[in-house]
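Asker: Compact mmCIF, C-alpha atoms and all ligand atoms, saved as work17.txt, coming up:
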# COMPACT_ATOMS: atom_id res chain seq x y z
CA MET E 1 0.00 0.00 0.00
CA ALA E 2 1.22 3.44 -0.90
CA ARG E 3 2.28 5.95 1.69
CA ILE E 4 -0.10 8.88 2.09
CA LEU E 5 -0.26 12.20 3.89
CA VAL E 6 -3.36 14.34 4.32
CA THR E 7 -3.22 17.75 5.97
CA ASN E 8 -5.58 20.73 5.87
CA SER E 9 -4.87 24.09 4.24
CA GLU E 10 -3.20 25.37 7.42
CA GLY E 11 -0.65 22.58 7.02
CA ARG E 12 0.95 24.48 4.10
CA PRO E 13 4.23 25.46 5.84
CA GLY E 14 4.89 21.87 6.96
CA VAL E 15 3.35 19.59 4.34
CA GLY E 16 6.46 19.52 2.15
CA ARG E 17 8.71 18.55 5.03
CA THR E 18 6.41 15.78 6.25
CA ALA E 19 5.96 14.41 2.72
CA GLN E 20 9.70 14.45 2.13
CA MET E 21 10.37 12.61 5.38
CA LEU E 22 7.71 9.99 4.62
CA ALA E 23 9.17 9.53 1.13
CA GLN E 24 12.59 8.96 2.69
CA GLY E 25 11.24 6.31 5.04
CA ALA E 26 10.68 8.24 8.27
CA GLY E 27 8.07 7.01 10.70
CA GLY E 28 4.76 8.85 10.79
CA LEU E 29 5.18 10.36 14.26
CA ASP E 30 8.55 11.89 13.38
CA ALA E 31 7.32 13.19 10.03
CA ILE E 32 4.12 14.64 11.45
CA GLU E 33 5.87 16.29 14.39
CA ALA E 34 8.42 17.90 12.06
CA GLY E 35 5.71 19.25 9.76
CA ILE E 36 3.52 20.57 12.54
CA ARG E 37 6.50 22.33 14.13
CA GLU E 38 6.87 24.32 10.90
CA VAL E 39 3.20 25.30 11.03
CA GLU E 40 3.45 26.30 14.71
CA ALA E 41 6.41 28.59 14.01
CA ASP E 42 4.85 30.25 10.94
CA THR E 43 3.10 33.44 12.00
CA THR E 44 1.09 33.66 8.77
CA ILE E 45 -0.97 30.71 10.03
CA ARG E 46 -3.29 32.51 12.42
CA THR E 47 -4.97 29.54 14.07
CA VAL E 48 -1.94 27.49 15.11
CA GLY E 49 1.03 28.17 17.38
CA ARG E 50 2.86 31.51 17.35
CA GLY E 51 0.62 34.05 15.60
CA GLY E 52 -2.54 32.25 16.74
CA TRP E 53 -5.48 34.35 17.94
CA PRO E 54 -5.72 34.96 21.70
CA ASN E 55 -8.51 34.23 24.19
CA LEU E 56 -10.86 36.85 25.70
CA LEU E 57 -8.07 38.09 27.97
CA GLY E 58 -5.69 38.57 25.05
CA GLU E 59 -3.60 35.51 25.97
CA VAL E 60 -2.65 32.82 23.44
CA GLU E 61 -3.52 29.37 24.76
CA LEU E 62 -2.43 26.43 22.61
CA ASP E 63 -3.70 22.84 22.29
CA ALA E 64 -2.00 19.90 20.54
CA ALA E 65 -2.10 16.11 20.41
CA MET E 66 -0.52 13.09 18.79
CA ILE E 67 -1.70 9.50 18.68
CA ASP E 68 0.28 6.39 17.79
CA GLY E 69 -1.99 4.06 15.82
CA ASN E 70 0.00 0.98 16.84
CA THR E 71 -0.08 1.39 20.60
CA PHE E 72 -2.96 3.86 21.05
CA ARG E 73 -0.67 5.93 23.24
CA GLY E 74 -1.76 9.53 23.02
CA GLY E 75 -0.06 12.67 24.17
CA ALA E 76 -1.89 15.96 24.51
CA VAL E 77 -1.48 19.42 25.98
CA GLY E 78 -4.23 21.98 26.43
CA ALA E 79 -4.44 25.69 27.28
CA LEU E 80 -0.64 25.87 27.21
CA LYS E 81 0.87 29.36 27.35
CA GLY E 82 4.32 30.57 26.35
CA TYR E 83 5.78 27.67 24.38
CA LEU E 84 6.62 27.53 20.68
CA HIS E 85 6.03 23.85 19.91
CA PRO E 86 3.06 22.33 21.74
CA ILE E 87 3.17 19.32 19.38
CA SER E 88 6.59 18.30 20.72
CA ILE E 89 5.43 18.74 24.31
CA ALA E 90 2.38 16.57 23.50
CA ARG E 91 4.71 13.91 22.10
CA ALA E 92 6.84 14.10 25.23
CA VAL E 93 3.72 13.55 27.36
CA MET E 94 3.12 10.39 25.31
CA GLU E 95 6.68 9.15 25.57
CA GLN E 96 7.75 10.27 29.05
CA LEU E 97 4.69 10.20 31.30
CA PRO E 98 2.16 7.61 32.40
CA HIS E 99 -0.51 10.17 31.40
CA GLU E 100 -2.22 11.08 28.15
CA MET E 101 -3.02 14.78 28.67
CA LEU E 102 -1.72 17.79 30.62
CA VAL E 103 -3.36 21.21 30.71
CA GLY E 104 -2.63 24.75 31.83
CA GLU E 105 -0.03 25.22 34.54
CA GLY E 106 0.81 21.51 34.67
CA ALA E 107 1.48 21.43 30.94
CA ALA E 108 3.69 24.53 31.22
CA ARG E 109 5.52 23.03 34.18
CA PHE E 110 6.24 19.85 32.20
CA ALA E 111 7.31 21.89 29.16
CA HIS E 112 9.81 23.74 31.37
CA GLU E 113 11.00 20.45 32.86
CA ILE E 114 11.87 19.01 29.42
CA GLY E 115 13.54 22.24 28.29
CA ALA E 116 10.94 23.12 25.64
CA GLU E 117 11.49 26.40 23.79
CA THR E 118 9.62 29.38 25.20
CA THR E 119 8.24 32.27 23.16
CA ASN E 120 5.69 35.08 23.22
CA ASN E 121 2.97 33.61 21.00
CA LEU E 122 1.02 36.90 20.87
CA ILE E 123 2.30 38.70 17.78
CA PRO E 124 1.74 42.47 17.43
CA ASP E 125 -1.01 42.09 14.81
CA SER E 126 -3.02 39.72 17.02
CA GLU E 127 -2.60 42.10 19.95
CA ARG E 128 -3.79 45.00 17.77
CA VAL E 129 -6.91 43.15 16.58
CA TRP E 130 -7.70 41.96 20.10
CA ARG E 131 -7.26 45.51 21.48
CA GLU E 132 -9.59 46.94 18.80
CA TRP E 133 -12.20 44.37 19.85
CA PHE E 134 -11.60 45.25 23.54
CA GLU E 135 -12.05 48.99 22.98
CA ASP E 136 -15.02 48.54 20.68
CA LYS E 137 -17.03 45.73 22.30
CA VAL E 138 -16.20 45.68 26.01
CA PRO E 139 -18.35 48.16 27.99
CA ALA E 140 -16.43 50.99 29.71
CA ALA E 141 -17.27 49.71 33.22
CA ALA E 142 -15.84 46.30 32.39
CA ARG E 143 -12.73 47.86 30.83
CA GLU E 144 -12.13 49.80 34.09
CA ASN E 145 -12.24 46.65 36.20
CA TRP E 146 -10.56 44.39 33.66
CA PRO E 147 -9.80 41.52 34.00
CA ASP E 148 -11.88 41.05 37.19
CA VAL E 149 -15.19 41.01 35.34
CA PRO E 150 -17.62 38.27 34.26
CA LEU E 151 -16.50 37.00 30.87
CA ALA E 152 -19.38 34.68 29.98
CA GLY E 153 -21.43 37.36 28.22
CA LEU E 154 -18.43 38.54 26.23
CA CYS E 155 -17.73 34.98 25.18
CA GLN E 156 -21.27 34.69 23.79
CA GLN E 157 -20.86 37.91 21.78
CA ALA E 158 -17.28 37.37 20.68
CA ILE E 159 -16.72 37.63 16.97
CA ASP E 160 -13.99 35.48 15.62
CA PRO E 161 -11.84 37.61 13.29
CA GLU E 162 -11.63 34.77 10.79
CA LYS E 163 -14.60 32.65 11.82
CA GLY E 164 -11.59 30.47 12.48
CA MET E 165 -11.64 27.90 15.26
CA ASP E 166 -9.17 26.22 13.00
CA THR E 167 -6.32 23.90 13.52
CA THR E 168 -3.73 22.00 11.61
CA VAL E 169 -4.23 18.24 11.28
CA PHE E 170 -1.81 15.70 9.80
CA LEU E 171 -2.71 12.06 9.03
CA SER E 172 -0.16 9.62 7.66
CA LEU E 173 0.30 6.05 6.47
CA ASP E 174 4.06 5.59 6.50
CA GLY E 175 6.48 3.17 4.82
CA ARG E 176 6.03 0.67 7.66
CA GLN E 177 2.29 0.73 6.93
CA GLU E 178 1.69 2.39 10.30
CA ILE E 179 -0.99 5.03 10.73
CA MET E 180 -0.42 8.12 12.90
CA ALA E 181 -2.12 11.44 13.56
CA GLY E 182 -1.17 14.81 15.02
CA VAL E 183 -2.98 18.13 15.50
CA SER E 184 -2.15 21.60 16.82
CA THR E 185 -4.23 24.75 17.29
CA SER E 186 -4.71 28.04 19.09
CA GLY E 187 -8.42 27.20 19.18
CA TRP E 188 -11.29 29.60 19.01
CA ALA E 189 -10.27 33.25 18.89
CA TRP E 190 -11.69 35.20 21.86
CA LYS E 191 -12.48 31.90 23.61
CA TYR E 192 -13.21 31.76 27.33
CA PRO E 193 -9.86 31.27 29.12
CA GLY E 194 -9.22 27.59 29.71
CA ARG E 195 -11.54 26.48 26.91
CA LEU E 196 -10.31 23.26 25.32
CA GLY E 197 -11.47 22.42 21.84
CA ASP E 198 -11.44 18.98 20.28
CA SER E 199 -7.75 19.06 19.33
CA PRO E 200 -6.23 17.92 22.65
CA ILE E 201 -8.99 15.37 23.23
CA ILE E 202 -7.93 12.06 21.75
CA GLY E 203 -10.95 10.60 19.95
CA ALA E 204 -12.55 13.98 19.31
CA GLY E 205 -9.89 15.99 17.43
CA CYS E 206 -7.87 13.01 16.18
CA TYR E 207 -7.65 9.25 16.33
CA ALA E 208 -5.55 6.59 14.61
CA ASP E 209 -5.58 2.81 14.44
CA THR E 210 -2.99 1.18 12.17
CA ARG E 211 -5.40 -1.70 11.50
CA PHE E 212 -8.12 0.54 10.02
CA GLY E 213 -7.30 4.21 9.51
CA ALA E 214 -7.17 7.65 11.07
CA ALA E 215 -9.32 10.75 11.31
CA ALA E 216 -8.98 14.34 12.48
CA CYS E 217 -11.21 17.40 12.62
CA THR E 218 -10.82 21.13 12.11
CA GLY E 219 -13.39 23.82 12.75
CA THR E 220 -15.93 23.78 15.56
CA GLY E 221 -14.31 21.58 18.16
CA GLU E 222 -17.38 21.65 20.36
CA MET E 223 -19.16 19.53 17.73
CA ALA E 224 -16.36 16.96 17.47
CA ILE E 225 -16.23 16.64 21.27
CA ARG E 226 -19.98 16.03 21.49
CA ALA E 227 -20.00 13.43 18.72
CA GLY E 228 -16.58 11.86 19.43
CA THR E 229 -16.06 12.33 15.72
CA SER E 230 -12.51 11.11 15.06
CA ARG E 231 -12.88 7.94 17.13
CA ALA E 232 -16.30 7.36 15.57
CA ILE E 233 -14.95 7.42 12.00
CA VAL E 234 -12.24 4.88 12.82
CA LEU E 235 -14.67 2.73 14.80
CA TYR E 236 -17.15 2.74 11.91
CA MET E 237 -14.33 1.44 9.69
CA LYS E 238 -13.54 -1.24 12.28
CA MET E 239 -17.19 -2.27 12.21
CA GLY E 240 -16.84 -2.89 8.47
CA LEU E 241 -17.92 0.35 6.83
CA SER E 242 -15.92 1.71 3.93
CA LEU E 243 -14.03 4.98 4.40
CA GLN E 244 -16.78 6.73 2.43
CA ALA E 245 -19.57 5.26 4.54
CA ALA E 246 -17.73 5.79 7.84
CA VAL E 247 -17.41 9.51 7.16
CA ASP E 248 -21.10 9.65 6.10
CA GLU E 249 -22.07 7.99 9.38
CA ALA E 250 -20.01 10.51 11.38
CA ILE E 251 -21.71 13.35 9.49
CA ASP E 252 -25.06 11.83 10.45
CA ASP E 253 -23.95 11.84 14.10
CA LEU E 254 -23.23 15.57 13.76
CA ARG E 255 -26.70 16.05 12.28
CA GLN E 256 -28.20 14.75 15.54
CA LEU E 257 -26.58 17.47 17.69
CA LYS E 258 -29.21 19.83 19.10
CA GLY E 259 -28.38 23.29 20.45
CA GLY E 260 -24.90 24.47 21.34
CA LEU E 261 -22.46 25.76 18.80
CA ILE E 262 -23.24 24.35 15.34
CA GLN E 263 -20.98 25.83 12.69
CA ARG E 264 -18.36 24.55 10.25
CA ILE E 265 -16.44 21.39 10.96
CA THR E 266 -14.17 19.62 8.48
CA LEU E 267 -13.58 15.88 8.69
CA HIS E 268 -10.34 14.35 7.39
CA ALA E 269 -9.91 10.59 7.13
CA ILE E 270 -7.51 8.02 5.67
CA ASP E 271 -7.73 4.24 5.64
CA ARG E 272 -5.23 1.39 5.60
CA ASN E 273 -5.57 1.06 1.81
CA GLY E 274 -4.16 4.55 1.35
CA ASP E 275 -7.52 6.05 0.44
CA HIS E 276 -8.74 9.32 1.93
CA ARG E 277 -11.75 11.61 2.21
CA VAL E 278 -12.05 15.24 3.37
CA VAL E 279 -15.49 16.78 3.90
CA ALA E 280 -16.21 20.34 5.01
CA VAL E 281 -19.54 20.28 6.85
CA ASN E 282 -21.48 23.57 6.83
CA ALA E 283 -18.71 25.38 4.91
CA GLU E 284 -19.72 28.75 3.47
CA GLU E 285 -16.84 28.80 1.02
CA GLN E 286 -14.71 26.34 -0.91
CA LEU E 287 -11.89 24.97 1.25
CA THR E 288 -8.80 23.05 0.23
CA TYR E 289 -6.57 20.43 1.80
CA TRP E 290 -3.13 19.03 0.97
CA LEU E 291 -2.59 15.54 -0.35
CA TRP E 292 0.68 13.72 -0.94
CA ARG E 293 0.86 10.10 -2.12
CA GLU E 294 3.93 7.97 -2.64
CA GLY E 295 5.29 8.76 -6.09
CA ASP E 296 4.03 12.38 -6.13
CA ASP E 297 6.74 14.95 -6.73
CA ALA E 298 5.09 17.38 -4.36
CA PRO E 299 1.94 17.71 -2.27
CA GLN E 300 -1.10 18.98 -4.18
CA ALA E 301 -3.90 21.27 -2.97
CA GLU E 302 -7.29 19.60 -3.49
CA PRO E 303 -10.82 20.96 -3.02
CA THR E 304 -12.82 19.54 -0.12
CA GLU E 305 -16.26 18.06 -0.53
CA ILE E 306 -18.94 20.25 1.04
CA VAL E 307 -21.95 18.91 2.95
CA THR E 308 -24.55 21.07 4.71
CA LEU E 309 -26.28 19.66 7.80
N1 LIG O 401 -10.95 22.52 16.12
C1 LIG O 401 -10.25 23.45 16.88
C2 LIG O 401 -10.97 23.98 18.03
O1 LIG O 401 -12.18 23.94 18.08
O2 LIG O 401 -10.31 24.46 18.93
Using the file provided, produce a representation of the structure as structure tokens.
Answerer:
Amino acid sequence: MARILVTNSEGRPGVGRTAQMLAQGAGGLDAIEAGIREVEADTTIRTVGRGGWPNLLGEVELDAAMIDGNTFRGGAVGALKGYLHPISIARAVMEQLPHEMLVGEGAARFAHEIGAETTNNLIPDSERVWREWFEDKVPAAARENWPDVPLAGLCQQAIDPEKGMDTTVFLSLDGRQEIMAGVSTSGWAWKYPGRLGDSPIIGAGCYADTRFGAAACTGTGEMAIRAGTSRAIVLYMKMGLSLQAAVDEAIDDLRQLKGGLIQRITLHAIDRNGDHRVVAVNAEEQLTYWLWREGDDAPQAEPTEIVTL
């Protein structure tokens, strides 16, 4: 079976590196980590790593996860502040701790302990856009007492500068025929502090099983958490559904969600035969993803399918 890599449009800065490593025989975890590190460090990608949009308090909180489809060991960090490469810290959680996920201060403590690189993830442009929102939308009384004010109402009214809530997701079938997944995100712009999306939650934002396939989501993480979307796609394949039908079934699960935040969510999936499917659910515009298959000179941008719930 041919090697394959699927990543979303935000994967642009890293897709070439991951594809090259897979072509040269690297394992999926190494190749995915290397590619995601490039995305995290690229400040033109506004929903991942350095340059990501901040939360309501103007602080950048990052989430990331990896899963090994052979062992089902996962590593995840959530609401991590001040570090450049959350994906590498997530991998270190997987490889160095008897845990699967660390969040907030504990994640930062562990990052410090392993000597992870620190940085200020809030770039001047993000700070400017956040400050414009703060001056324009936060009532004067709240601005005077900031940050000791209730934030729940502001969270309800927050307007995402990009309608983003995006992420980068990488799925690979490597030369050893092993299937791996990794994801990284700054989450929902203007989110409530401490909000975790689907990305650090193994089974929601990503899942991999070398025997069947892998899946990962971008977009509205709240939906993927509620439907357990990535695990569901892989489980549907385990139960005998084709890749096509497994993704359809997961879309039907999303259709059953009532209330809460229902917006765009994009499902990415690969199977053990080297096939793939990417569907943007509720997308208002055409989206693209990156595809590299063994034998391709370079990754190609492909249009996603679009399905409306
Ligand atoms: N899918 C990314 C997030 O909701 O944070």
Asker: Please identify the residues whose atoms come within 6 Å of ligand LIG 401 (chain O), using all atoms listed in the file, and report them as a list of chain:residue names.
Answerer: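 I would give the residues around ligand LIG 401 (chain O) as E:Met165, E:Asp166, E:Thr167, E:Gly187, E:Trp188, E:Gly197, E:Asp198, E:Ser199, E:Thr218, E:Gly219, E:Thr220, E:Gly221.
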Asker: For each of E:Ala107, E:Cys206, E:Leu261, E:Leu267, take the minimum atom-to-atom distance to Tyr289 (chain E), counting all atoms listed in the file, then give the residue where this is smallest.
Answerer: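 So, comparing all the options, the nearest one is E:Leu267.
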Asker: Excluding region 89-101 of chain E and any residue of its chain fewer than 2 positions from it, enumerate the residues within 6 Å of it, using all atoms listed in the file, and give them as a VMD selection string.
Answerer: chain E and resid 65 74 to 77 86 to 87
Asker: Figure out the distance between CA of Ala227 (chain E) and CA of Ala250 (chain E), please, to one decimal in Å.
Answerer: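 Result for CA of Ala250 (chain E) versus CA of Ala227 (chain E): 7.9 Å, one decimal.
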Asker: Can you tell me which residues surround Met239 (chain E) at a distance of at most 10 Å, considering all atoms listed in the file, apart from same-chain residues fewer than 6 positions away, and format the answer as a PyMOL selection string?
Answerer: chain E and resi 212+233+246
Asker: Write the residues of the preceding selection, restricted to C-alpha atoms, as a JSON list (two decimals), in the coordinates of the input.
Answerer:
[["chain", "number", "residue", "atom", "x", "y", "z"],
["E", 212, "PHE", "CA", -8.12, 0.54, 10.02],
["E", 233, "ILE", "CA", -14.95, 7.42, 12.00],
["E", 246, "ALA", "CA", -17.73, 5.79, 7.84]]
Asker: Find, counting all atoms listed in the file, the residue in E:Ile306, E:Ile251, E:Ala298, E:Cys155 that gets nearest to Ala23 (chain E).
Answerer: E:Ala298
Asker: Nearest residue to Glu105 (chain E) out of E:Arg50, E:Glu132, E:Glu61, E:Glu127, using all atoms listed in the file?
Answerer: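 Under the stated criterion, the closest residue is E:Glu61.
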Asker: Would you list the contacts of Lys258 (chain E) as a PyMOL selection string, taking every protein, DNA or RNA residue within 12 Å and counting all atoms listed in the file, but skipping same-chain residues closer than 3 positions in sequence?
Answerer: chain E and resi 223+226-227+253-255+261-262+309
Asker: Counting all atoms listed in the file, figure out which residue out of E:Val15, E:Leu84, E:Leu173, E:Leu257 gets nearest to Glu40 (chain E).
Answerer: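 Counting all atoms listed in the file, the residue closest to Glu40 (chain E) is E:Leu84.
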